[in-house]
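J.: Data file my_file_36.cif (mmCIF, C-alpha atoms) is appended below.
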```
data_work
#
loop_
_atom_site.label_atom_id
_atom_site.label_comp_id
_atom_site.auth_asym_id
_atom_site.auth_seq_id
_atom_site.Cartn_x
_atom_site.Cartn_y
_atom_site.Cartn_z
CA MET N 6 0.00 0.00 0.00
CA ILE N 7 1.32 3.44 -0.93
CA ILE N 8 0.19 6.53 0.97
CA LYS N 9 1.01 9.77 -0.81
CA LEU N 10 1.23 12.28 2.00
CA PHE N 11 1.45 15.49 -0.03
CA LYS N 12 -2.17 15.08 -1.15
CA LEU N 13 -3.24 14.77 2.47
CA VAL N 14 -1.06 17.29 4.30
CA GLY N 15 0.45 19.67 1.73
CA PRO N 16 4.13 20.69 1.63
CA PHE N 17 4.59 21.01 5.40
CA ALA N 18 3.45 17.99 7.39
CA GLU N 19 2.39 19.43 10.75
CA ASN N 20 -1.29 18.67 11.27
CA LYS N 21 -1.39 15.95 13.93
CA ASP N 22 -5.12 15.46 13.51
CA ILE N 23 -4.53 14.37 9.92
CA ALA N 24 -1.63 12.19 11.07
CA ALA N 25 -3.93 10.46 13.55
CA GLU N 26 -6.58 9.98 10.87
CA ILE N 27 -4.03 8.37 8.52
CA ARG N 28 -2.89 6.14 11.38
CA PHE N 29 -6.38 5.01 12.32
CA LYS N 30 -7.87 4.67 8.86
CA LYS N 31 -4.93 3.41 6.84
CA LEU N 32 -1.88 2.36 8.82
CA ILE N 33 -3.42 0.31 11.62
CA PRO N 34 -5.75 -1.67 9.29
CA ALA N 35 -2.80 -2.34 6.95
CA MET N 36 -0.57 -3.45 9.84
CA ASP N 37 -3.34 -5.73 11.13
CA LYS N 38 -3.34 -7.44 7.74
CA HIS N 39 0.51 -7.62 7.77
CA LYS N 40 0.67 -5.53 4.59
CA ASN N 41 3.75 -3.62 3.46
CA ILE N 42 3.29 0.15 3.61
CA ILE N 43 5.10 2.89 1.71
CA LEU N 44 4.77 6.38 3.16
CA ASP N 45 5.57 8.60 0.20
CA PHE N 46 6.96 12.03 1.18
CA GLU N 47 7.38 13.28 -2.39
CA LYS N 48 6.97 17.12 -2.57
CA ILE N 49 6.92 17.33 1.26
CA GLU N 50 9.34 20.10 2.20
CA GLY N 51 9.26 19.63 5.96
CA ALA N 52 7.56 17.88 8.84
CA THR N 53 7.32 18.40 12.57
CA GLN N 54 8.43 15.87 15.13
CA SER N 55 4.87 15.98 16.50
CA PHE N 56 3.40 15.01 13.13
CA ILE N 57 5.75 12.07 12.62
CA HIS N 58 5.25 10.98 16.23
CA ALA N 59 1.46 11.05 15.77
CA LEU N 60 1.83 9.09 12.55
CA ILE N 61 4.07 6.21 13.60
CA SER N 62 4.83 6.07 17.34
CA ASP N 63 1.69 4.15 18.23
CA LEU N 64 2.47 1.58 15.52
CA MET N 65 5.95 1.08 16.95
CA ARG N 66 4.43 0.47 20.37
CA LYS N 67 1.68 -1.84 19.17
CA TYR N 68 3.55 -3.84 16.56
CA GLY N 69 7.15 -3.53 17.78
CA ASN N 70 9.87 -4.21 15.21
CA GLU N 71 7.31 -5.44 12.71
CA ALA N 72 6.22 -1.80 12.20
CA LEU N 73 9.69 -0.82 10.98
CA ASP N 74 9.92 -3.96 8.84
CA LYS N 75 6.62 -3.23 7.14
CA ILE N 76 6.83 0.57 6.74
CA GLN N 77 9.15 2.21 4.21
CA PHE N 78 9.66 5.96 3.91
CA LYS N 79 9.98 7.12 0.30
CA SER N 80 11.33 10.35 -1.27
CA CYS N 81 12.26 12.05 2.01
CA ASN N 82 14.51 15.10 1.92
CA ASN N 83 17.27 15.44 4.53
CA THR N 84 15.10 17.33 7.02
CA VAL N 85 12.28 14.83 6.85
CA LYS N 86 14.78 11.93 7.09
CA SER N 87 16.24 13.51 10.25
CA ILE N 88 12.84 13.99 11.86
CA ILE N 89 11.76 10.42 11.09
CA SER N 90 15.07 9.09 12.46
CA ILE N 91 14.63 11.13 15.65
CA VAL N 92 11.13 9.78 16.25
CA VAL N 93 12.13 6.17 15.46
CA ASP N 94 15.20 6.32 17.73
CA TYR N 95 13.20 8.08 20.45
CA MET N 96 10.49 5.43 20.48
CA GLN N 97 13.02 2.59 20.54
CA GLU N 98 14.93 4.21 23.39
CA SER N 99 11.68 4.76 25.28
CA ASP N 100 10.45 1.17 25.19
CA MET I 3 -5.29 44.38 34.79
CA LYS I 4 -2.76 47.04 33.90
CA ILE I 5 -0.03 46.92 31.33
CA HIS I 6 2.42 49.66 30.44
CA ILE I 7 4.39 49.70 27.20
CA PRO I 8 7.80 51.27 27.76
CA ASN I 9 9.91 52.71 24.97
CA ALA I 10 11.77 49.53 24.09
CA VAL I 11 11.06 45.92 25.03
CA TRP I 12 12.95 43.02 23.54
CA LEU I 13 13.65 39.59 24.98
CA GLY I 14 16.98 40.59 26.48
CA ASN I 15 15.34 43.26 28.65
CA ILE I 16 11.82 41.86 29.04
CA ASP I 17 12.09 41.25 32.83
CA PRO I 18 11.35 44.84 33.97
CA PHE I 19 8.37 44.99 31.60
CA LEU I 20 6.91 41.77 33.03
CA LYS I 21 7.40 43.07 36.58
CA THR I 22 5.16 46.07 35.85
CA PHE I 23 2.22 43.95 34.65
CA ILE I 24 -0.67 44.08 37.14
CA PRO I 25 -2.93 41.03 36.77
CA THR I 26 -5.55 41.91 39.41
CA ASN I 27 -9.13 42.96 38.48
CA SER I 28 -9.08 40.59 35.53
CA ASP I 29 -12.34 41.88 34.04
CA LYS I 30 -10.77 45.27 33.31
CA LEU I 31 -7.75 46.19 31.19
CA LYS I 32 -5.86 49.48 31.31
CA ILE I 33 -3.11 50.05 28.74
CA THR I 34 -0.65 52.91 28.94
CA PHE I 35 2.20 53.77 26.60
CA ASN I 36 5.53 55.52 26.54
CA LYS I 37 4.87 59.00 25.19
CA LYS I 38 7.83 59.30 22.84
CA TRP I 39 8.82 56.09 21.16
CA MET I 40 7.91 52.43 21.33
CA SER I 41 9.75 49.46 19.99
CA ILE I 42 7.93 46.34 21.09
CA HIS I 43 8.78 42.67 20.76
CA PRO I 44 5.92 40.62 19.23
CA MET I 45 5.76 38.68 22.51
CA VAL I 46 4.50 41.86 24.20
CA LEU I 47 2.03 42.58 21.41
CA SER I 48 0.66 39.05 21.57
CA MET I 49 0.28 39.36 25.36
CA ILE I 50 -1.74 42.58 25.10
CA ALA I 51 -3.92 41.18 22.32
CA ALA I 52 -4.52 37.96 24.31
CA LEU I 53 -5.69 40.04 27.27
CA GLY I 54 -7.75 42.25 24.94
CA ILE I 55 -9.80 39.45 23.37
CA LYS I 56 -10.95 38.15 26.75
CA THR I 57 -11.91 41.59 28.06
CA ARG I 58 -15.11 43.42 27.10
CA PRO I 59 -14.33 46.51 24.99
CA SER I 60 -16.28 48.66 27.46
CA LYS I 61 -13.87 47.52 30.20
CA ILE I 62 -10.74 48.41 28.22
CA GLU I 63 -9.14 51.73 28.96
CA CYS I 64 -6.48 52.59 26.43
CA GLU I 65 -4.43 55.73 26.84
CA LYS I 66 -4.32 58.07 23.84
CA LEU I 67 -1.29 57.25 21.76
CA GLU I 68 1.22 60.03 21.26
CA ALA I 69 4.38 58.16 20.34
CA LYS I 70 5.66 58.46 16.77
CA SER I 71 5.57 54.72 16.36
CA LYS I 72 1.83 54.45 17.12
CA HIS I 73 1.09 53.45 13.51
CA TYR I 74 2.98 50.23 14.12
CA LEU I 75 0.39 49.09 16.68
CA LYS I 76 -2.39 49.86 14.23
CA ARG I 77 -0.61 48.01 11.42
CA MET I 78 -0.11 44.99 13.68
CA ARG I 79 -3.92 45.05 14.24
CA LEU I 80 -3.71 45.53 18.00
CA PHE I 81 -6.81 47.73 18.05
CA ASP I 82 -8.81 45.08 16.15
CA PHE I 83 -8.05 42.72 19.03
CA LEU I 84 -8.98 45.32 21.63
CA ARG I 85 -12.10 46.14 19.57
CA ILE I 86 -11.61 49.84 20.20
CA SER I 87 -10.93 52.74 17.85
CA SER I 88 -7.34 53.94 17.78
CA GLY I 89 -8.18 57.24 16.09
CA ILE I 90 -5.20 56.58 13.83
CA THR I 91 -5.69 56.80 10.07
CA MET I 92 -3.12 55.28 7.78
CA LYS I 93 -2.61 53.64 4.45
CA GLU I 94 -2.39 49.87 4.78
CA HIS I 95 0.99 48.55 3.65
CA GLU I 96 1.50 45.30 1.85
CA PRO I 97 2.77 43.17 4.77
CA SER I 98 5.01 40.95 2.63
CA GLY I 99 8.63 40.78 3.77
CA ARG I 100 8.20 42.49 7.10
CA PHE I 101 5.71 41.19 9.59
CA VAL I 102 2.97 38.77 10.55
CA PRO I 103 0.20 40.87 12.13
CA LEU I 104 -1.54 39.69 15.27
CA THR I 105 -3.51 36.57 14.43
CA GLN I 106 -5.82 34.48 16.61
CA ILE I 107 -5.76 30.74 15.97
CA LYS I 108 -8.41 28.59 17.59
CA ASP I 109 -8.25 25.25 15.82
CA SER I 110 -6.04 22.85 13.95
CA ALA I 111 -7.36 23.70 10.48
CA ALA I 112 -6.80 27.44 11.10
CA LEU I 113 -3.24 26.65 12.18
CA THR I 114 -2.56 24.70 8.97
CA ARG I 115 -3.90 27.62 6.90
CA PHE I 116 -1.83 30.11 8.92
CA ILE I 117 1.37 28.09 8.48
CA SER I 118 0.87 27.90 4.72
CA GLU I 119 0.48 31.68 4.56
CA VAL I 120 3.16 32.72 7.02
CA THR I 121 6.30 31.82 5.07
CA PRO I 122 5.47 33.94 2.01
CA LEU I 123 4.62 36.83 4.36
CA LEU I 124 8.13 36.88 5.78
CA HIS I 125 9.80 36.38 2.38
CA LEU I 126 12.63 34.24 3.65
CA GLU I 127 15.06 31.79 2.12
CA PRO I 128 14.17 28.12 2.81
CA LYS I 129 17.06 27.86 5.31
CA HIS I 130 15.42 30.57 7.41
CA ALA I 131 11.79 29.80 6.67
CA GLU I 132 12.11 26.17 7.76
CA PRO I 133 12.85 26.72 11.48
CA ILE I 134 10.37 29.62 11.68
CA ARG I 135 7.55 27.58 10.22
CA TYR I 136 8.51 24.70 12.50
CA ILE I 137 8.63 26.86 15.65
CA MET I 138 5.30 28.55 14.96
CA SER I 139 3.52 25.31 14.17
CA GLU I 140 4.75 23.47 17.26
CA LEU I 141 4.15 26.37 19.66
CA ILE I 142 0.65 27.12 18.41
CA ARG I 143 -0.28 23.43 18.39
CA ASN I 144 0.90 23.25 22.01
CA VAL I 145 -1.58 25.99 22.87
CA LEU I 146 -4.41 24.25 21.03
CA GLU I 147 -3.70 20.92 22.70
CA HIS I 148 -2.72 21.87 26.22
CA SER I 149 -3.91 25.38 27.16
CA LYS I 150 -7.66 24.62 27.24
CA SER I 151 -8.20 28.26 26.31
CA LYS I 152 -11.38 29.05 24.44
CA TYR I 153 -9.55 31.96 22.83
CA GLY I 154 -6.78 29.80 21.37
CA ALA I 155 -3.38 31.27 20.55
CA VAL I 156 -2.45 34.82 19.61
CA VAL I 157 0.63 35.04 17.43
CA SER I 158 2.61 37.83 15.78
CA ALA I 159 6.05 38.16 14.22
CA GLN I 160 8.28 40.88 12.89
CA TYR I 161 11.40 40.96 10.76
CA TYR I 162 13.99 43.51 12.00
CA LYS I 163 16.27 44.63 9.21
CA LYS I 164 18.90 46.23 11.45
CA SER I 165 19.57 43.06 13.44
CA ASN I 166 18.50 40.74 10.58
CA THR I 167 16.28 38.91 13.04
CA VAL I 168 12.79 37.48 13.00
CA ARG I 169 11.08 37.89 16.37
CA ILE I 170 8.04 35.81 17.25
CA GLY I 171 5.53 36.06 20.10
CA ILE I 172 2.77 33.61 21.03
CA ALA I 173 0.41 34.09 23.97
CA ASP I 174 -2.58 32.31 25.45
CA THR I 175 -4.77 32.82 28.47
CA GLY I 176 -5.38 29.16 29.22
CA ILE I 177 -4.56 26.93 32.20
CA GLY I 178 -0.80 27.59 32.14
CA ILE I 179 2.09 25.16 32.31
CA TRP I 180 1.81 24.24 36.00
CA LYS I 181 -1.76 22.92 35.65
CA SER I 182 -0.94 21.16 32.42
CA ILE I 183 2.15 19.38 33.77
CA ASN I 184 0.45 18.73 37.11
CA GLN I 185 -1.87 16.25 35.39
CA SER I 186 1.01 13.74 35.40
CA TYR I 187 3.76 15.24 37.54
CA SER I 188 3.78 17.29 40.72
CA PRO I 189 5.85 20.39 40.10
CA LYS I 190 6.26 22.40 43.29
CA ASN I 191 5.90 25.75 41.54
CA ASP I 192 5.56 27.44 38.15
CA LEU I 193 9.30 27.48 37.52
CA GLU I 194 9.62 23.75 38.21
CA ALA I 195 6.70 23.17 35.83
CA ILE I 196 8.46 25.16 33.09
CA ARG I 197 11.66 23.19 33.72
CA LEU I 198 9.73 19.91 33.30
CA ALA I 199 7.92 21.18 30.19
CA LEU I 200 11.26 21.98 28.56
CA THR I 201 12.76 18.58 29.44
CA PRO I 202 12.51 16.05 26.60
CA GLY I 203 10.16 13.13 27.14
CA ILE I 204 8.03 14.90 29.74
CA THR I 205 4.42 15.73 28.91
CA GLY I 206 1.44 16.56 31.05
CA THR I 207 -0.57 13.86 29.30
CA THR I 208 1.32 10.85 30.72
CA ARG I 209 4.28 9.75 32.86
CA ARG I 210 5.11 7.08 30.35
CA GLU I 211 8.50 7.38 28.66
CA GLY I 212 7.98 8.26 24.98
CA GLY I 213 4.65 9.96 25.70
CA THR I 214 1.29 8.99 24.27
CA GLU I 215 0.43 8.31 20.63
CA GLN I 216 -0.35 12.03 20.24
CA ASN I 217 2.26 13.63 22.52
CA ALA I 218 5.96 12.87 22.65
CA GLY I 219 6.80 15.58 25.16
CA ALA I 220 9.61 16.87 23.01
CA GLY I 221 8.08 19.92 21.30
CA LEU I 222 9.35 22.66 23.62
CA PHE I 223 12.73 20.97 23.95
CA PHE I 224 13.06 21.08 20.14
CA ILE I 225 12.26 24.78 20.05
CA LYS I 226 14.60 25.65 22.90
CA SER I 227 17.28 23.63 21.09
CA ILE I 228 16.76 25.50 17.80
CA ALA I 229 17.25 28.76 19.71
CA SER I 230 20.27 27.35 21.53
CA VAL I 231 22.03 26.12 18.38
CA ASN I 232 21.47 29.47 16.67
CA SER I 233 22.47 31.36 19.84
CA ASP I 234 19.15 33.16 20.05
CA PHE I 235 16.91 34.30 22.91
CA PHE I 236 13.98 32.12 23.95
CA VAL I 237 11.59 33.16 26.73
CA ILE I 238 8.74 31.26 28.31
CA TYR I 239 6.49 32.91 30.90
CA SER I 240 3.67 31.12 32.72
CA GLY I 241 2.11 31.74 36.12
CA LYS I 242 4.67 33.58 38.24
CA ALA I 243 7.68 32.11 36.48
CA MET I 244 9.82 33.01 33.53
CA TYR I 245 12.68 31.07 31.96
CA LYS I 246 14.97 32.84 29.52
CA LEU I 247 17.50 31.04 27.37
CA LEU I 248 20.41 33.42 26.91
CA LYS I 249 22.71 33.63 23.94
CA ARG I 250 25.46 31.01 23.90
CA ARG I 251 29.00 32.01 24.80
CA GLY I 252 31.71 30.55 22.59
CA LYS I 253 31.44 28.45 19.48
CA LYS I 254 30.95 25.04 21.05
CA ILE I 255 27.36 23.87 20.73
CA THR I 256 26.08 21.62 23.49
CA LEU I 257 22.40 20.83 23.93
CA HIS I 258 21.16 20.00 27.39
CA ALA I 259 18.10 17.99 28.36
CA ASP I 260 17.83 19.99 31.59
CA PRO I 261 17.09 23.63 30.64
CA PHE I 262 18.78 24.81 33.83
CA GLU I 263 22.10 23.52 32.44
CA ASP I 264 21.82 25.91 29.49
CA ARG I 265 22.97 29.49 29.85
CA HIS I 266 19.79 31.07 31.19
CA SER I 267 18.10 33.40 33.64
CA LYS I 268 14.94 32.66 35.59
CA LYS I 269 12.35 34.31 37.81
CA ASN I 270 9.75 32.77 40.06
CA ASN I 271 8.11 35.82 41.59
CA LEU I 272 6.68 37.75 38.66
CA PRO I 273 3.08 38.97 38.44
CA ALA I 274 1.04 35.88 37.55
CA TRP I 275 0.18 35.37 33.89
CA GLU I 276 -2.83 33.08 33.60
CA GLY I 277 -1.75 31.07 30.63
CA THR I 278 1.54 30.88 28.78
CA VAL I 279 3.58 33.29 26.71
CA VAL I 280 6.54 32.41 24.50
CA GLY I 281 8.94 34.75 22.76
CA ILE I 282 11.73 33.69 20.45
CA ASP I 283 14.23 35.47 18.24
CA LEU I 284 15.80 33.94 15.18
CA SER I 285 18.89 35.71 13.98
CA LEU I 286 19.17 35.07 10.26
CA ASP I 287 22.94 35.65 10.32
CA THR I 288 23.58 32.70 12.62
CA THR I 289 20.86 30.30 11.49
CA GLN I 290 22.31 26.84 11.02
CA GLU I 291 20.99 24.37 8.47
CA PHE I 292 17.89 22.82 9.97
CA SER I 293 19.08 19.27 9.27
CA LEU I 294 22.27 20.00 11.27
CA ILE I 295 20.18 21.23 14.21
CA LEU I 296 18.13 18.04 14.04
CA LYS I 297 21.23 15.85 14.02
CA LEU I 298 22.50 17.51 17.21
CA LEU I 299 19.11 17.21 18.78
CA ASN I 300 18.76 13.48 18.19
CA GLY I 301 21.81 12.65 20.30
CA THR I 302 20.69 14.80 23.24
CA LEU I 303 17.18 13.41 23.15
CA ASN I 304 18.32 9.80 23.30
CA GLU I 305 20.87 10.51 26.03
CA ALA I 306 18.15 12.15 28.12
CA ILE I 307 15.85 9.16 27.85
CA LYS I 308 18.69 6.73 28.62
CA GLU I 309 19.63 8.72 31.71
CA ARG I 310 16.05 8.85 32.95
CA LYS I 311 15.56 5.14 32.37
CA LYS I 312 18.81 4.37 34.16
CA ALA I 313 17.72 6.47 37.12
CA ARG I 314 14.70 4.21 37.49
CA TYR I 315 16.66 0.94 37.27
CA LYS I 316 16.27 -1.24 40.31
CA LYS I 317 19.52 -1.95 42.08
CA PRO I 318 20.55 -5.40 43.31
CA GLN I 319 20.30 -5.84 47.04
CA PHE I 320 23.64 -6.99 48.41
CA ILE I 321 23.50 -8.28 51.94
#
```
How does the structure come out when it is put into structure tokens?
T.:
Amino acid sequence: MIIKLFKLVGPFAENKDIAAEIRFKKLIPAMDKHKNIILDFEKIEGATQSFIHALISDLMRKYGNEALDKIQFKSCNNTVKSIISIVVDYMQESD
Amino acid sequence: MKIHIPNAVWLGNIDPFLKTFIPTNSDKLKITFNKKWMSIHPMVLSMIAALGIKTRPSKIECEKLEAKSKHYLKRMRLFDFLRISSGITMKEHEPSGRFVPLTQIKDSAALTRFISEVTPLLHLEPKHAEPIRYIMSELIRNVLEHSKSKYGAVVSAQYYKKSNTVRIGIADTGIGIWKSINQSYSPKNDLEAIRLALTPGITGTTRREGGTEQNAGAGLFFIKSIASVNSDFFVIYSGKAMYKLLKRRGKKITLHADPFEDRHSKKNNLPAWEGTVVGIDLSLDTTQEFSLILKLLNGTLNEAIKERKKARYKKPQFI
């Protein structure tokens, strides 16, 4: 499953309500079915830590390492890569 | 309530201004001004506007403006927030490239719209626009999620050509940091609550390491870190306490999980602000690449969590 984020959040991914909606409606059902997920960040210029946390932290808690095995992050610029890495490291350190 | 605008308030000298604020009689607001000249940080403007929107216009007493710079207050839409006539007539300027006038944001969708409009308003290069957009989004979202204020957040910003700095102010009249943090922790006073709020991994919504699915407890730490890396001022004022991150000395950049380990000043006996106010400066001359800031931040964040986890480890009992 590919989720094109630009269509949903625009060039700056900061709206946590939309992140939660994507998580509930798309990511959790896909994880429950053990599907592979591609989060496509094409055209996304930036993202907040809060947005990425709202998008994936719950999945990391619920599904453990499987979440990182199943989810791939596509077309991320350096800033977005850094933010995703921070959230992923942070959640792994926290558990 | 009484508030007096002196001739010049910026984050470096904001303490005397805060000391003169009188919060009693909260249904009335009296505003007085310096007679000659006023140069006001957006934090101050946002504070006055936040007080203005919760006070009935008939209960607002605003001294007649005489200072030369009075047009600035009109242009920043202060009198729209106070809902009183300024008596000042002026030609509206195209705001692009100079300032973000006072704006009230009450919900998530309004914040998203505001963020999409704010970068073009300040006409900045991506290197500068990126942290500004980030800071505004995270601070305003904090207000929407934690302040419980029906008036939301009041934000304003100004570009200062002389210092090549963007100055930002965000104010709310909600529950304040102590009440918010006190839902999960027990800070002994407002200053301790601010200290906890600035510490990574600590959120009022849970005591669990890593936060909840919606709150990581790292937002304010990120913003303080952006200011620290760029050697900029960052002020947070809530209840009777104020924490001010001072400019770094020397070239070595070290981020600290405990805000009291950063170069700072603090007060715990100021007139009580019901809610939270944040002011931040971003010097465009010293702005580092945002990805570099994030790299530095990652290490500090993980160290902080490791240390906190280690502090909770049970020790073997040797007998």
J.: Expanded to explicit residues, what is the PyMOL selection byres ((chain N) within 12 of (chain I)) for this file, as an MDAnalysis selection string?
T.: chainID N and resid 13:26 28:29 50:67 82:100
J.: Find the residues around region 49-59 of chain I up to 9 Å (all atoms listed in the file counted), leave out those fewer than 3 positions away in its own chain, and share them as a ChimeraX atom specification.
T.: /I:3,5,28-31,33,44-46,62-63,79-86,104,106,153-156,171-175,279
J.: Since we have the selection now, will you write its residues out, keeping C-alpha atoms, as an mmCIF file, in the frame of the given file?
T.:
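Listed below is the output, out22.cif:
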```cif
data_model
loop_
_atom_site.group_PDB
_atom_site.id
_atom_site.type_symbol
_atom_site.label_atom_id
_atom_site.label_comp_id
_atom_site.auth_asym_id
_atom_site.auth_seq_id
_atom_site.Cartn_x
_atom_site.Cartn_y
_atom_site.Cartn_z
ATOM 1 C CA MET I 3 -5.290 44.380 34.790
ATOM 2 C CA ILE I 5 -0.030 46.920 31.330
ATOM 3 C CA SER I 28 -9.080 40.590 35.530
ATOM 4 C CA ASP I 29 -12.340 41.880 34.040
ATOM 5 C CA LYS I 30 -10.770 45.270 33.310
ATOM 6 C CA LEU I 31 -7.750 46.190 31.190
ATOM 7 C CA ILE I 33 -3.110 50.050 28.740
ATOM 8 C CA PRO I 44 5.920 40.620 19.230
ATOM 9 C CA MET I 45 5.760 38.680 22.510
ATOM 10 C CA VAL I 46 4.500 41.860 24.200
ATOM 11 C CA ILE I 62 -10.740 48.410 28.220
ATOM 12 C CA GLU I 63 -9.140 51.730 28.960
ATOM 13 C CA ARG I 79 -3.920 45.050 14.240
ATOM 14 C CA LEU I 80 -3.710 45.530 18.000
ATOM 15 C CA PHE I 81 -6.810 47.730 18.050
ATOM 16 C CA ASP I 82 -8.810 45.080 16.150
ATOM 17 C CA PHE I 83 -8.050 42.720 19.030
ATOM 18 C CA LEU I 84 -8.980 45.320 21.630
ATOM 19 C CA ARG I 85 -12.100 46.140 19.570
ATOM 20 C CA ILE I 86 -11.610 49.840 20.200
ATOM 21 C CA LEU I 104 -1.540 39.690 15.270
ATOM 22 C CA GLN I 106 -5.820 34.480 16.610
ATOM 23 C CA TYR I 153 -9.550 31.960 22.830
ATOM 24 C CA GLY I 154 -6.780 29.800 21.370
ATOM 25 C CA ALA I 155 -3.380 31.270 20.550
ATOM 26 C CA VAL I 156 -2.450 34.820 19.610
ATOM 27 C CA GLY I 171 5.530 36.060 20.100
ATOM 28 C CA ILE I 172 2.770 33.610 21.030
ATOM 29 C CA ALA I 173 0.410 34.090 23.970
ATOM 30 C CA ASP I 174 -2.580 32.310 25.450
ATOM 31 C CA THR I 175 -4.770 32.820 28.470
ATOM 32 C CA VAL I 279 3.580 33.290 26.710
#
```
J.: As a list of chain:residue names, please: the residues near Thr256 (chain I) (cut-off 12 Å, all atoms listed in the file, same-chain neighbours under 4 positions excluded).
T.: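 Counting only the stated atoms, we get I:Ser227, I:Ile228, I:Ala229, I:Ser230, I:Val231, I:Asn232, I:Ser233, I:Arg250, I:Arg251, I:Gly252, I:Asp260, I:Pro261, I:Glu263, I:Asp264, I:Arg265, I:Ile295, I:Leu298, I:Leu299, I:Gly301, I:Thr302.
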J.: Can you list, as a ChimeraX atom specification, every protein, DNA or RNA residue that comes within 8 Å of Glu276 (chain I) when you count all atoms listed in the file, leaving out same-chain residues fewer than 5 positions away?
T.: /I:175-178,240-241
J.: Go ahead and save the picked residues with C-alpha atoms, as a short mmCIF file (atom, residue, chain, number, x, y, z; two decimals), in the frame of the given file.
T.:
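The resulting result11.cif:
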```
data_model
loop_
_atom_site.label_atom_id
_atom_site.label_comp_id
_atom_site.auth_asym_id
_atom_site.auth_seq_id
_atom_site.Cartn_x
_atom_site.Cartn_y
_atom_site.Cartn_z
CA THR I 175 -4.77 32.82 28.47
CA GLY I 176 -5.38 29.16 29.22
CA ILE I 177 -4.56 26.93 32.20
CA GLY I 178 -0.80 27.59 32.14
CA SER I 240 3.67 31.12 32.72
CA GLY I 241 2.11 31.74 36.12
#
```
J.: Can you give me, as an mmCIF file with C-alpha atoms, keeping the file's coordinate frame, the residues this file yields under the PyMOL selection byres ((chain I and resi 192) around 12)?
T.:
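Listing of result.cif after writing:
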```cif
data_model
loop_
_atom_site.group_PDB
_atom_site.id
_atom_site.type_symbol
_atom_site.label_atom_id
_atom_site.label_comp_id
_atom_site.auth_asym_id
_atom_site.auth_seq_id
_atom_site.Cartn_x
_atom_site.Cartn_y
_atom_site.Cartn_z
ATOM 1 C CA ILE I 177 -4.560 26.930 32.200
ATOM 2 C CA GLY I 178 -0.800 27.590 32.140
ATOM 3 C CA ILE I 179 2.090 25.160 32.310
ATOM 4 C CA TRP I 180 1.810 24.240 36.000
ATOM 5 C CA LYS I 181 -1.760 22.920 35.650
ATOM 6 C CA SER I 182 -0.940 21.160 32.420
ATOM 7 C CA ILE I 183 2.150 19.380 33.770
ATOM 8 C CA ASN I 184 0.450 18.730 37.110
ATOM 9 C CA SER I 188 3.780 17.290 40.720
ATOM 10 C CA PRO I 189 5.850 20.390 40.100
ATOM 11 C CA LYS I 190 6.260 22.400 43.290
ATOM 12 C CA ASN I 191 5.900 25.750 41.540
ATOM 13 C CA LEU I 193 9.300 27.480 37.520
ATOM 14 C CA GLU I 194 9.620 23.750 38.210
ATOM 15 C CA ALA I 195 6.700 23.170 35.830
ATOM 16 C CA ILE I 196 8.460 25.160 33.090
ATOM 17 C CA ARG I 197 11.660 23.190 33.720
ATOM 18 C CA LEU I 198 9.730 19.910 33.300
ATOM 19 C CA ALA I 199 7.920 21.180 30.190
ATOM 20 C CA ILE I 238 8.740 31.260 28.310
ATOM 21 C CA TYR I 239 6.490 32.910 30.900
ATOM 22 C CA SER I 240 3.670 31.120 32.720
ATOM 23 C CA GLY I 241 2.110 31.740 36.120
ATOM 24 C CA LYS I 242 4.670 33.580 38.240
ATOM 25 C CA ALA I 243 7.680 32.110 36.480
ATOM 26 C CA MET I 244 9.820 33.010 33.530
ATOM 27 C CA TYR I 245 12.680 31.070 31.960
ATOM 28 C CA LYS I 268 14.940 32.660 35.590
ATOM 29 C CA LYS I 269 12.350 34.310 37.810
ATOM 30 C CA ASN I 270 9.750 32.770 40.060
ATOM 31 C CA ASN I 271 8.110 35.820 41.590
ATOM 32 C CA LEU I 272 6.680 37.750 38.660
ATOM 33 C CA PRO I 273 3.080 38.970 38.440
ATOM 34 C CA ALA I 274 1.040 35.880 37.550
ATOM 35 C CA TRP I 275 0.180 35.370 33.890
ATOM 36 C CA GLU I 276 -2.830 33.080 33.600
ATOM 37 C CA GLY I 277 -1.750 31.070 30.630
ATOM 38 C CA THR I 278 1.540 30.880 28.780
#
```
J.: CA of Val168 (chain I) and CA of Lys249 (chain I), how far apart in Å?
T.: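 Computing it gives 15.3 Å between the two atoms.
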J.: Between CA of Val120 (chain I) and CA of Phe101 (chain I), what is the distance, to one decimal in Å?
T.: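 Straight-line distance from CA of Val120 (chain I) to CA of Phe101 (chain I) works out to 9.2 Å.
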J.: Report the residues retrieved by the PyMOL selection byres ((chain N and resi 6) around 10) from the displayed file, expressed as a PDB file with C-alpha atoms, keeping the file's coordinate frame.
T.:
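Done, and the output landed in result20.pdb:
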```pdb
ATOM      1  CA  ILE N   7       1.320   3.440  -0.930  1.00  0.00           C
ATOM      2  CA  ILE N   8       0.190   6.530   0.970  1.00  0.00           C
ATOM      3  CA  LYS N   9       1.010   9.770  -0.810  1.00  0.00           C
ATOM      4  CA  LYS N  31      -4.930   3.410   6.840  1.00  0.00           C
ATOM      5  CA  LEU N  32      -1.880   2.360   8.820  1.00  0.00           C
ATOM      6  CA  ALA N  35      -2.800  -2.340   6.950  1.00  0.00           C
ATOM      7  CA  LYS N  40       0.670  -5.530   4.590  1.00  0.00           C
ATOM      8  CA  ASN N  41       3.750  -3.620   3.460  1.00  0.00           C
ATOM      9  CA  ILE N  42       3.290   0.150   3.610  1.00  0.00           C
ATOM     10  CA  ILE N  43       5.100   2.890   1.710  1.00  0.00           C
ATOM     11  CA  LEU N  44       4.770   6.380   3.160  1.00  0.00           C
ATOM     12  CA  ILE N  76       6.830   0.570   6.740  1.00  0.00           C
TER      13      ILE N  76
END
```
